[in-house]
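> I'd like to ask you about the structure that follows.
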Amino acid sequence: MTSVKEFRVEEPATADSLGVGAFVFTDDYSVFDWGKMPDAIPNKGASLCAMGAANFERLEVEGVPTHYRGVVSSGEVVDFDSVVAPPREMAIDLTRVPELPHEGREYNYNAYHEAAGDNYLIPLEIVFRNTVPVGSSLRSRGEPSEFGLDEETWPDEPVDLPEPVVEFSTKYEESDRYLSRENADFIAGKADIDDLESVAREVNRIVTRTAADAGLKHEDGKIECLYFDGEIRVADVVGTFDENRFSHDGQQLSKEVLRQHHKRTQPEWVEAVGEAKARAKAEDIADWRELCAVDPQPLPRHVVDAAREMYTAGTNAYIGRELFSAPSLEEAVEAIRTL
């Protein structure tokens, strides 16, 4: 189980075949890698399922291989376009996820790939960026000129990149870290790092185009991929308000809204999380959460309501269907803007 969705396994994957299963989306959310937070956001799970399904079907049309099989409606696997009620289950092909042994923060990727063979989830997140917001970690990893910008220093406002930037980070380590291309290539195993980048750029292109058609700006996102029988396939979920950041008329529309709200209203918890992560890194401790002395508090009701409307109205706009009972995108944006 992840913090926001559960697995249902019907047929497990083997060394030479994919399995069959499903994601069951919940209304839980997670920020700052905490895991399940005290609140649930009504309809959030169905929103992620709907956006993810719509994107997977677009990717398949464009010739991008994925693990998607359809959405589950009344116990049957069907195309997303055929459903009339928001789905909460997504049927998928399953790959293998070997154990990643570690001692403290030293991870044994050789052991992972020895067990993986030719059928495994690539233990990377492939991140693509179209904009660089204030506070982005990208600013600390390079100067503007390295990313094609005609600036000597990073400006004090978000900037659009002339070309998307693709980066690689760890997936299964307790504290994710960005990787050099050489390290990412090693961690990817048999999967080719250039092919992973090409897939990420194609996904970014499709999501960016779809968002623009819906009046949304696609700022950044990530994908995860599996490797099976020599082929890279897009896995997990793609192009949702949790995996990606979108905006409308300058207002952020993504899980980032909840992150920023916690920074403003629960700074003690956010600071404690940062301190716990730093201490875990200094002391070579894998699980930083056991070092965090402060727990997050529930959100006010009006914040939960505004977040629900952001997910549902945003999904309606993105998929081009009134699948959810929700206000207009403009009304949802104004509610978020006043938080």
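Residue names in the structure tokens use chain letters A, B, ... in the order shown, residue numbers from 1 in each chain, and ligand numbers from 1 in the order shown.
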Mind checking which residues fall within 8 Å of A:Glu143, counting only C-alpha atoms, ignoring those fewer than 2 positions away in the same chain, and posting them as a VMD selection string?

chain A and resid 139 to 141 145 to 147 152 to 154

> Env of A:Ile223: 8 Å cut, atoms = only C-alpha atoms, seq-sep filter 3 positions within chain, self excluded. Answer as a PDB file with C-alpha atoms, in the first residue's frame.


```pdb
ATOM      1  CA  GLU A 125      11.514   8.850 -10.648  1.00  0.00           C
ATOM      2  CA  ILE A 126      12.006  10.738 -13.907  1.00  0.00           C
ATOM      3  CA  VAL A 127      11.199  14.406 -13.342  1.00  0.00           C
ATOM      4  CA  ALA A 200       9.556  11.339 -20.120  1.00  0.00           C
ATOM      5  CA  VAL A 234       5.067   3.992 -18.221  1.00  0.00           C
ATOM      6  CA  ALA A 235       3.788   2.816 -14.831  1.00  0.00           C
ATOM      7  CA  ASP A 236       2.183   4.181 -11.665  1.00  0.00           C
ATOM      8  CA  VAL A 237      -0.116   7.144 -12.511  1.00  0.00           C
ATOM      9  CA  VAL A 238       0.514   9.989 -14.935  1.00  0.00           C
ATOM     10  CA  GLU A 243       2.145  13.791  -9.646  1.00  0.00           C
TER      11      GLU A 243
END
```

> Please report as CSV every residue of stretch 53-147 of chain A lying within 10 Å of stretch 201-204 of chain A, along with the nearest atom pair and their distance in Å (one decimal), using only C-alpha atoms.


```
residue,atom,partner,partner_atom,distance
A:Asn55,CA,A:Val203,CA,8.9
A:Phe56,CA,A:Val203,CA,9.5
A:Arg58,CA,A:Val203,CA,9.5
A:Leu59,CA,A:Val203,CA,7.2
A:Glu62,CA,A:Glu202,CA,9.0
A:Gly63,CA,A:Glu202,CA,10.0
A:Val64,CA,A:Glu202,CA,8.0
A:Ile126,CA,A:Arg201,CA,9.7
A:Val127,CA,A:Asn204,CA,9.5
A:Phe128,CA,A:Asn204,CA,6.9
A:Arg129,CA,A:Asn204,CA,8.6
A:Asn130,CA,A:Asn204,CA,8.7
```

> How would the residues just picked look written out with all heavy atoms as a tab-separated table (two decimals), in the first residue's frame?


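out35.tsv, written as the output of this step:
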```tsv
chain	number	residue	atom	x	y	z
A	55	ASN	N	-5.09	10.20	-19.24
A	55	ASN	CA	-3.73	10.38	-19.77
A	55	ASN	C	-3.17	9.08	-20.33
A	55	ASN	O	-2.53	9.08	-21.39
A	55	ASN	CB	-2.82	10.92	-18.66
A	55	ASN	CG	-2.98	12.41	-18.47
A	55	ASN	OD1	-3.05	13.16	-19.44
A	55	ASN	ND2	-3.05	12.85	-17.23
A	56	PHE	N	-3.39	7.96	-19.63
A	56	PHE	CA	-2.88	6.70	-20.15
A	56	PHE	C	-3.50	6.38	-21.51
A	56	PHE	O	-2.79	5.89	-22.41
A	56	PHE	CB	-3.19	5.57	-19.16
A	56	PHE	CG	-2.16	5.39	-18.08
A	56	PHE	CD1	-2.54	5.29	-16.75
A	56	PHE	CD2	-0.81	5.31	-18.39
A	56	PHE	CE1	-1.59	5.11	-15.75
A	56	PHE	CE2	0.15	5.14	-17.40
A	56	PHE	CZ	-0.25	5.04	-16.08
A	58	ARG	N	-4.51	8.52	-23.71
A	58	ARG	CA	-3.88	9.41	-24.68
A	58	ARG	C	-2.48	8.89	-25.04
A	58	ARG	O	-2.06	8.95	-26.21
A	58	ARG	CB	-3.79	10.83	-24.13
A	58	ARG	CG	-5.12	11.53	-24.00
A	58	ARG	CD	-4.95	13.00	-23.61
A	58	ARG	NE	-6.24	13.65	-23.46
A	58	ARG	CZ	-6.81	13.92	-22.29
A	58	ARG	NH1	-6.18	13.60	-21.16
A	58	ARG	NH2	-8.00	14.50	-22.23
A	59	LEU	N	-1.74	8.43	-24.05
A	59	LEU	CA	-0.40	7.90	-24.31
A	59	LEU	C	-0.47	6.70	-25.24
A	59	LEU	O	0.35	6.57	-26.17
A	59	LEU	CB	0.29	7.51	-23.00
A	59	LEU	CG	0.65	8.64	-22.04
A	59	LEU	CD1	1.31	8.06	-20.78
A	59	LEU	CD2	1.58	9.65	-22.68
A	62	GLU	N	-0.89	7.69	-28.72
A	62	GLU	CA	0.35	8.28	-29.25
A	62	GLU	C	1.47	7.25	-29.37
A	62	GLU	O	2.60	7.59	-29.74
A	62	GLU	CB	0.80	9.42	-28.35
A	62	GLU	CG	-0.18	10.57	-28.24
A	62	GLU	CD	-0.06	11.56	-29.38
A	62	GLU	OE1	0.89	11.44	-30.17
A	62	GLU	OE2	-0.93	12.45	-29.48
A	63	GLY	N	1.20	6.00	-29.02
A	63	GLY	CA	2.20	4.95	-29.19
A	63	GLY	C	3.18	4.80	-28.05
A	63	GLY	O	4.24	4.18	-28.22
A	64	VAL	N	2.85	5.33	-26.87
A	64	VAL	CA	3.72	5.21	-25.70
A	64	VAL	C	3.25	3.99	-24.89
A	64	VAL	O	2.13	3.98	-24.39
A	64	VAL	CB	3.67	6.47	-24.83
A	64	VAL	CG1	4.56	6.31	-23.60
A	64	VAL	CG2	4.08	7.70	-25.63
A	126	ILE	N	11.49	9.89	-12.83
A	126	ILE	CA	12.01	10.74	-13.91
A	126	ILE	C	11.18	12.02	-13.88
A	126	ILE	O	9.97	12.01	-14.11
A	126	ILE	CB	11.92	10.05	-15.28
A	126	ILE	CG1	12.66	8.69	-15.24
A	126	ILE	CG2	12.55	10.93	-16.34
A	126	ILE	CD1	11.78	7.51	-15.03
A	127	VAL	N	11.85	13.12	-13.57
A	127	VAL	CA	11.20	14.41	-13.34
A	127	VAL	C	11.39	15.30	-14.56
A	127	VAL	O	12.50	15.40	-15.11
A	127	VAL	CB	11.79	15.10	-12.10
A	127	VAL	CG1	11.13	16.44	-11.84
A	127	VAL	CG2	11.67	14.19	-10.87
A	128	PHE	N	10.31	15.95	-15.00
A	128	PHE	CA	10.42	16.92	-16.09
A	128	PHE	C	9.90	18.27	-15.61
A	128	PHE	O	8.93	18.36	-14.87
A	128	PHE	CB	9.68	16.48	-17.36
A	128	PHE	CG	8.39	15.76	-17.11
A	128	PHE	CD1	7.22	16.45	-16.83
A	128	PHE	CD2	8.33	14.38	-17.17
A	128	PHE	CE1	6.02	15.79	-16.60
A	128	PHE	CE2	7.14	13.70	-16.95
A	128	PHE	CZ	5.99	14.41	-16.67
A	129	ARG	N	10.59	19.33	-16.02
A	129	ARG	CA	10.26	20.68	-15.57
A	129	ARG	C	10.11	21.61	-16.77
A	129	ARG	O	10.99	21.67	-17.64
A	129	ARG	CB	11.36	21.23	-14.65
A	129	ARG	CG	11.65	20.35	-13.45
A	129	ARG	CD	12.73	20.97	-12.57
A	129	ARG	NE	13.17	20.05	-11.53
A	129	ARG	CZ	12.56	19.87	-10.37
A	129	ARG	NH1	11.47	20.57	-10.11
A	129	ARG	NH2	13.03	19.02	-9.48
A	130	ASN	N	9.00	22.34	-16.81
A	130	ASN	CA	8.77	23.36	-17.82
A	130	ASN	C	8.95	24.76	-17.26
A	130	ASN	O	9.19	25.71	-18.01
A	130	ASN	CB	7.35	23.22	-18.39
A	130	ASN	CG	7.11	21.85	-18.98
A	130	ASN	OD1	7.93	21.34	-19.74
A	130	ASN	ND2	5.98	21.23	-18.64
```

> Enumerate as JSON, numbers by chain all residues of stretch 57-112 of chain A assigned to helix (DSSP H, G or I) by DSSP on the backbone, naming them with the chain letters and numbers the document uses.

{"A": [57, 58, 59, 60, 61, 80, 81, 82, 109, 110, 111, 112]}

> Name the residues in contact with A:Gly117 at a cut-off of 10 Å, using only C-alpha atoms, excluding same-chain residues fewer than 6 positions from it; report them as a list in words.

Ala15, Asp16, Arg96, Pro98, Gly189, Lys190, Tyr227, Phe228 and Asp229 of chain A

> List the spatial neighbours of A:Asp220 as a ChimeraX atom specification - criterion: any atom at most 12 Å away, only C-alpha atoms, same-chain residues fewer than 5 positions off excluded.

/A:126-133,136,138,160-161,164-167,200-201,203-205,207-208,211,238-247,252-254,256

> Ranking A:Trp288, A:Ser169, A:Val294, A:Tyr68 by minimum distance to A:Glu271 and counting only C-alpha atoms, which one comes first?

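Under the stated criterion, the closest residue is A:Val294.
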
> Just checking: using only C-alpha atoms, which residue out of A:Thr315, A:Thr95, A:Ser74, A:Gln260 ends up closest to A:Val31?

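Using only C-alpha atoms, the shortest distance to A:Val31 belongs to A:Gln260.
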
> Mind checking DSSP for stretch 233-270 of chain A and telling me the strand (DSSP E or B) residues as a list in words?

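Those residues are Arg233, Val234, Ala235, Arg245, Phe246, Ser247, His248, Gln251, Gln252 and Leu253 of chain A.
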
> Just write the chosen residues, all heavy atoms, as a short mmCIF file (atom, residue, chain, number, x, y, z; two decimals), in the first residue's frame.


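Final output, part.cif:
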```
data_model
loop_
_atom_site.label_atom_id
_atom_site.label_comp_id
_atom_site.auth_asym_id
_atom_site.auth_seq_id
_atom_site.Cartn_x
_atom_site.Cartn_y
_atom_site.Cartn_z
N ARG A 233 7.95 0.73 -20.17
CA ARG A 233 6.54 1.08 -20.16
C ARG A 233 6.27 2.05 -19.02
O ARG A 233 6.79 1.87 -17.91
CB ARG A 233 5.66 -0.17 -19.99
CG ARG A 233 5.89 -1.22 -21.06
CD ARG A 233 4.91 -2.37 -20.93
NE ARG A 233 5.23 -3.46 -21.84
CZ ARG A 233 4.49 -4.54 -22.04
NH1 ARG A 233 3.34 -4.67 -21.35
NH2 ARG A 233 4.85 -5.48 -22.88
N VAL A 234 5.44 3.03 -19.26
CA VAL A 234 5.07 3.99 -18.22
C VAL A 234 4.18 3.29 -17.20
O VAL A 234 3.23 2.60 -17.56
CB VAL A 234 4.34 5.22 -18.81
CG1 VAL A 234 3.99 6.21 -17.71
CG2 VAL A 234 5.22 5.89 -19.86
N ALA A 235 4.50 3.48 -15.91
CA ALA A 235 3.79 2.82 -14.83
C ALA A 235 3.20 3.84 -13.87
O ALA A 235 3.11 5.04 -14.19
CB ALA A 235 4.72 1.84 -14.11
N ARG A 245 2.41 19.48 -11.36
CA ARG A 245 1.95 20.80 -10.92
C ARG A 245 1.37 21.55 -12.12
O ARG A 245 2.01 21.66 -13.17
CB ARG A 245 3.09 21.60 -10.28
CG ARG A 245 3.40 21.14 -8.88
CD ARG A 245 4.30 22.10 -8.14
NE ARG A 245 5.67 22.03 -8.61
CZ ARG A 245 6.70 22.53 -7.95
NH1 ARG A 245 6.52 23.16 -6.79
NH2 ARG A 245 7.92 22.42 -8.42
N PHE A 246 0.15 22.03 -11.93
CA PHE A 246 -0.54 22.83 -12.93
C PHE A 246 -0.88 24.19 -12.30
O PHE A 246 -0.86 24.35 -11.08
CB PHE A 246 -1.84 22.15 -13.37
CG PHE A 246 -1.66 20.78 -13.97
CD1 PHE A 246 -1.64 19.65 -13.17
CD2 PHE A 246 -1.52 20.63 -15.34
CE1 PHE A 246 -1.48 18.39 -13.71
CE2 PHE A 246 -1.37 19.36 -15.90
CZ PHE A 246 -1.35 18.24 -15.08
N SER A 247 -1.21 25.14 -13.15
CA SER A 247 -1.69 26.43 -12.65
C SER A 247 -2.72 26.99 -13.61
O SER A 247 -2.82 26.55 -14.77
CB SER A 247 -0.53 27.42 -12.45
OG SER A 247 0.12 27.70 -13.68
N HIS A 248 -3.50 27.95 -13.11
CA HIS A 248 -4.49 28.65 -13.93
C HIS A 248 -4.48 30.11 -13.51
O HIS A 248 -4.68 30.43 -12.34
CB HIS A 248 -5.88 28.05 -13.73
CG HIS A 248 -6.96 28.76 -14.47
ND1 HIS A 248 -7.17 28.59 -15.82
CD2 HIS A 248 -7.89 29.68 -14.06
CE1 HIS A 248 -8.18 29.34 -16.21
NE2 HIS A 248 -8.63 30.02 -15.17
N GLN A 251 -2.44 30.95 -10.50
CA GLN A 251 -2.73 30.26 -9.24
C GLN A 251 -2.36 28.78 -9.35
O GLN A 251 -2.81 28.09 -10.26
CB GLN A 251 -4.20 30.40 -8.87
CG GLN A 251 -4.64 29.55 -7.68
CD GLN A 251 -3.88 29.86 -6.41
OE1 GLN A 251 -3.78 31.02 -6.02
NE2 GLN A 251 -3.33 28.85 -5.76
N GLN A 252 -1.57 28.31 -8.42
CA GLN A 252 -1.18 26.91 -8.39
C GLN A 252 -2.41 26.02 -8.20
O GLN A 252 -3.29 26.30 -7.38
CB GLN A 252 -0.21 26.67 -7.24
CG GLN A 252 0.36 25.28 -7.16
CD GLN A 252 1.25 24.92 -8.32
OE1 GLN A 252 1.20 23.79 -8.81
NE2 GLN A 252 2.04 25.86 -8.81
N LEU A 253 -2.49 24.94 -8.98
CA LEU A 253 -3.55 23.94 -8.85
C LEU A 253 -2.89 22.57 -8.81
O LEU A 253 -2.65 21.95 -9.85
CB LEU A 253 -4.53 24.03 -10.02
CG LEU A 253 -5.40 25.28 -10.13
CD1 LEU A 253 -6.28 25.20 -11.36
CD2 LEU A 253 -6.25 25.46 -8.88
#
```

> To one decimal in Å, tell me the separation between atom CA of A:Asp79 and atom CA of A:Ser198.

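For atom CA of A:Asp79 relative to atom CA of A:Ser198, the distance reads 26.5 Å.
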
> Which residues are close to stretch 43-46 of chain A, i.e. within 9 Å by only C-alpha atoms, leaving aside same-chain residues fewer than 2 positions away? Reply as a ChimeraX atom specification.

/A:4-5,24-29,40-41,48-51,86-89,307-309,311-312,324

> What is the atom CA of A:Asn316 to atom CA of A:Met90 distance in Å?

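Going from atom CA of A:Asn316 over to atom CA of A:Met90, I get 18.1 Å.
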
> Determine the nearest neighbour of A:Tyr107 from the options A:Glu174, A:Glu57, A:Glu163, A:Asp93, counting only C-alpha atoms.

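Of A:Glu174, A:Glu57, A:Glu163, A:Asp93, the one nearest A:Tyr107 is A:Glu174, counting only C-alpha atoms.
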
> When you count only C-alpha atoms, which of these residues is closest to A:Glu330: A:Glu197, A:Glu6, A:Glu157, A:Asp249?

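Closest to A:Glu330 of all the choices is A:Asp249.
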
> For A:Val84, list every protein, DNA or RNA residue within 10 Å, evaluated using only C-alpha atoms, and leave out those in the same chain fewer than 3 positions away; present the list as a PyMOL selection string.

chain A and resi 73+80-81+87+321-324

> Rank nothing, just name the residue among A:Leu339, A:Ala53, A:Ile193, A:Ala280 nearest to A:Leu258, using only C-alpha atoms.

A:Leu339

> Quick one: pull the distance between atom CA of A:Lys222 and atom CA of A:Gly148, Å, one decimal.

21.0 Å

> With distances taken over only C-alpha atoms, which residue among A:Lys255, A:Arg264, A:Val199, A:Glu283 lies nearest A:Ser30?

A:Lys255
